[in-house]
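As C-alpha cells, the structure follows; a few thoughts come after it.
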Amino acid sequence: MGLLLELQKRIPDRWFLRRLLPAVLFVAVAVVGGGQLGQRHWADLGLARDRIAGALRLSGAAAGEGVATLVLVAVAVAGAAFAVPFAAAAVSALVSGAWPWWLVPLGRRLTLWRARRWVPPREIGEEAVRARAEGREWRAARLDAHRARTASVRPGCPTWSGERLRAAEGRVGRATGADVSEAWTRLLLEVPDASRVALSEARDAYAGACEALVWSAAFTLVGIWWWPAALVGLLLWTASWHSLRRAVEELCRTTEAVFALRYADTDTDRPSGP
C-alpha cells in the first residue's frame with residue numbers, strides 16, 4: 001500500500017488514473033478471466049483465487065517462477081499503458097473525420113449513409129410537437145434530444161464528431177478570419193492563462209474519451225475468452241461514447257470562445273484612427 005501511495009505522489013494523475021490503473025485492471029482480467037477461468041468456469045471465484053495465490057507464491061522451488069510471472073505481468077501492464085495513447089490517437093483521427101487515404105472510400109460511403117438518414121432539425125422539432133400534443137411525452141423527449149444532436153446542414157463528414165469540429169472551425173473562420181489549424185499553436189502562446197487552461201482541459205477531456213474507447217474495445221476483445229469482460233467493454237463503450245460527444249461539444253465551445261476573445265482583444269488594441 002505504501003508503494004502505491006508513493007507512486008501516486010510521483011506519477012501525474014493523468015498517467016496514474018487514466019492509463020496505469022486501467023492497464024493493471026485489463027491485464028488482471030485478461031490473465032485471470034481469459035487465461036485461467038475461460039468461458040467454462042467464468043464465475044468460479046475459488047479457482048481464480050487459487051490461481052492468483054499460486055502465481056504469487058514466492059517460497060521454495062517456485063520462487064524463481066513466481067518472480068518471473070510478476071516481471072511478465074509488470075511488462076504487460078507497462079506495455080498496455082504505453083500503447084493506449086497511440087491507439088487513442090488513431091481513434092481521435094477516426095472520430096474527427098481525418099481518415100487515412102486507404103479508408104477514404106469507406107468514409108465516403110458512411111458520409112452518404114449519414115446524409116440519407118439526415119432529417120432537418122426543424123422537421124424533428126415539428127414531429128416532437130405533434131407527439132407531445134398526442135400525449136406521447138417519452139417520444140417527444142427522445143425527439144427533442146435527437147434534434148439537439150442533429151446538425152442544421154446535411155452531413156458532409158463520416159462522423160458526428162468530425163461534423164461538429166468542422167462546423168466550429170467554419171464559425172471561427174467566418175467570425176475572426178483565422179484558420180484554427182494554422183493559428184492553434186500561436187493562440188496557445190498568446191492567450192491569457194485562464195484561456196490556455198480552459199483549452200487544455202477541453203482537449204484533455206477529448207483525449208481521455210478517446211482513450212476510454214480504446215479500453216472499451218480491449219475489454220470487449222477479451223470477451224472472446226471470458227464473456228463478462230465483453231459486458232464490461234460494452235458498458236464502458238456506451239459511457240465513453242457519451243463522454244466523447246460531451247467532450248467534442250465542450251472543445252468546440254471553448255475554442256470558439258477563446259478565438260473570439262483573442263481577436264476581440266486584438267481589435268480593441270488596434271488604433272482607431274490615423
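Going through the C-alpha cells in order, the chains are called A, B, and so on, while each chain numbers its residues from 1 and the ligands are numbered from 1 in the order shown.
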
key: For segment 192-194 of chain A: contacts at 10 Å, only C-alpha atoms, fewer than 4 positions along chain excluded, given as an NGL selection string   = :A and (187-188 or 198-200 or 258 or 261-262)

ask   = Can you tell me, as a list in words, what residues are no more than 6 Å from Ala80 of chain A when counting only C-alpha atoms, ignoring any on the same chain fewer than 3 positions away?
value = Ala23, Val77 and Ala83 of chain A

Proximity check segment 76-194 of chain A to segment 252-257 of chain A, 8 Å, nearest pairs one decimal Å, only C-alpha atoms, as JSON lines:
{"residue": "A:Arg164", "atom": "CA", "partner": "A:Cys252", "partner_atom": "CA", "distance": 7.4}
{"residue": "A:Leu165", "atom": "CA", "partner": "A:Cys252", "partner_atom": "CA", "distance": 6.3}
{"residue": "A:Ala168", "atom": "CA", "partner": "A:Cys252", "partner_atom": "CA", "distance": 5.7}
{"residue": "A:Arg171", "atom": "CA", "partner": "A:Glu256", "partner_atom": "CA", "distance": 7.7}
{"residue": "A:Val172", "atom": "CA", "partner": "A:Glu256", "partner_atom": "CA", "distance": 5.9}

Please dump the current selection as an mmCIF file, in the first residue's frame; keep C-alpha atoms.
data_model
loop_
_atom_site.group_PDB
_atom_site.id
_atom_site.type_symbol
_atom_site.label_atom_id
_atom_site.label_comp_id
_atom_site.auth_asym_id
_atom_site.auth_seq_id
_atom_site.Cartn_x
_atom_site.Cartn_y
_atom_site.Cartn_z
ATOM 1 C CA ARG A 164 -19.155 19.310 -35.106
ATOM 2 C CA LEU A 165 -15.430 20.102 -35.242
ATOM 3 C CA ALA A 168 -16.805 25.053 -35.223
ATOM 4 C CA ARG A 171 -17.765 29.556 -37.465
ATOM 5 C CA VAL A 172 -14.375 30.660 -36.130
#

request  = Name all residues at most 6 Å from segment 227-239 of chain A (count only C-alpha atoms; drop same-chain ones fewer than 5 positions away) and give them as a VMD selection string.
outcome  = chain A and resid 213 216 219 to 220 222

Restricted to all heavy atoms, what would the selected residues look like written as a JSON list (two decimals), in the first residue's frame?
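The resulting file, result.json, is reproduced below:
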[["chain", "number", "residue", "atom", "x", "y", "z"],
["A", 213, "LEU", "N", -12.42, 4.84, -25.09],
["A", 213, "LEU", "CA", -12.91, 4.00, -26.19],
["A", 213, "LEU", "C", -11.93, 2.87, -26.50],
["A", 213, "LEU", "O", -12.33, 1.74, -26.81],
["A", 213, "LEU", "CB", -13.14, 4.85, -27.44],
["A", 213, "LEU", "CG", -14.36, 5.76, -27.43],
["A", 213, "LEU", "CD1", -14.38, 6.64, -28.67],
["A", 213, "LEU", "CD2", -15.65, 4.94, -27.36],
["A", 216, "SER", "N", -12.36, 0.26, -23.82],
["A", 216, "SER", "CA", -13.60, -0.49, -24.02],
["A", 216, "SER", "C", -13.45, -1.54, -25.12],
["A", 216, "SER", "O", -13.93, -2.67, -24.99],
["A", 216, "SER", "CB", -14.74, 0.47, -24.35],
["A", 216, "SER", "OG", -14.54, 1.08, -25.62],
["A", 219, "PHE", "N", -11.32, -4.47, -23.64],
["A", 219, "PHE", "CA", -12.08, -5.35, -22.76],
["A", 219, "PHE", "C", -13.08, -6.20, -23.56],
["A", 219, "PHE", "O", -13.29, -7.38, -23.25],
["A", 219, "PHE", "CB", -12.84, -4.52, -21.71],
["A", 219, "PHE", "CG", -12.00, -4.17, -20.51],
["A", 219, "PHE", "CD1", -11.39, -2.95, -20.41],
["A", 219, "PHE", "CD2", -11.83, -5.09, -19.48],
["A", 219, "PHE", "CE1", -10.61, -2.62, -19.32],
["A", 219, "PHE", "CE2", -11.05, -4.77, -18.38],
["A", 219, "PHE", "CZ", -10.44, -3.53, -18.30],
["A", 220, "THR", "N", -13.69, -5.59, -24.58],
["A", 220, "THR", "CA", -14.61, -6.36, -25.41],
["A", 220, "THR", "C", -13.90, -7.49, -26.12],
["A", 220, "THR", "O", -14.45, -8.60, -26.27],
["A", 220, "THR", "CB", -15.28, -5.43, -26.44],
["A", 220, "THR", "OG1", -15.92, -4.34, -25.75],
["A", 220, "THR", "CG2", -16.32, -6.18, -27.26],
["A", 222, "VAL", "N", -11.30, -9.17, -25.01],
["A", 222, "VAL", "CA", -11.06, -10.24, -24.03],
["A", 222, "VAL", "C", -12.31, -11.09, -23.83],
["A", 222, "VAL", "O", -12.22, -12.26, -23.44],
["A", 222, "VAL", "CB", -10.59, -9.63, -22.69],
["A", 222, "VAL", "CG1", -10.41, -10.70, -21.61],
["A", 222, "VAL", "CG2", -9.27, -8.89, -22.89]]

query = If we count only C-alpha atoms, what is near segment 90-97 of chain A at a cut-off of 9 Å, once residues fewer than 4 positions away on the same chain are taken out, given as a PyMOL selection string?
reply = chain A and resi 85-86+107+157-166+206-207+210-211+213-214

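Interatomic distance, atom CA of Leu112 of chain A to atom CA of Trp241 of chain A: 22.0 Å.
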
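The space between atom CA of Pro121 of chain A and atom CA of Arg139 of chain A spans 15.4 Å.
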
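The nearest approach to Arg18 of chain A among the residues A:Ile124, A:Ala212, A:Leu110, A:Ala167, with only C-alpha atoms taken into account, belongs to A:Ala212.
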
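For the choices A:Val191, A:Ile224, A:Val119, A:Ala205, the atom-to-atom distance to Tyr263 of chain A is smallest for A:Val191 when using only C-alpha atoms.
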
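Taking atom CA of Pro22 of chain A and atom CA of Ala209 of chain A as the two end points, the separation is 13.5 Å.
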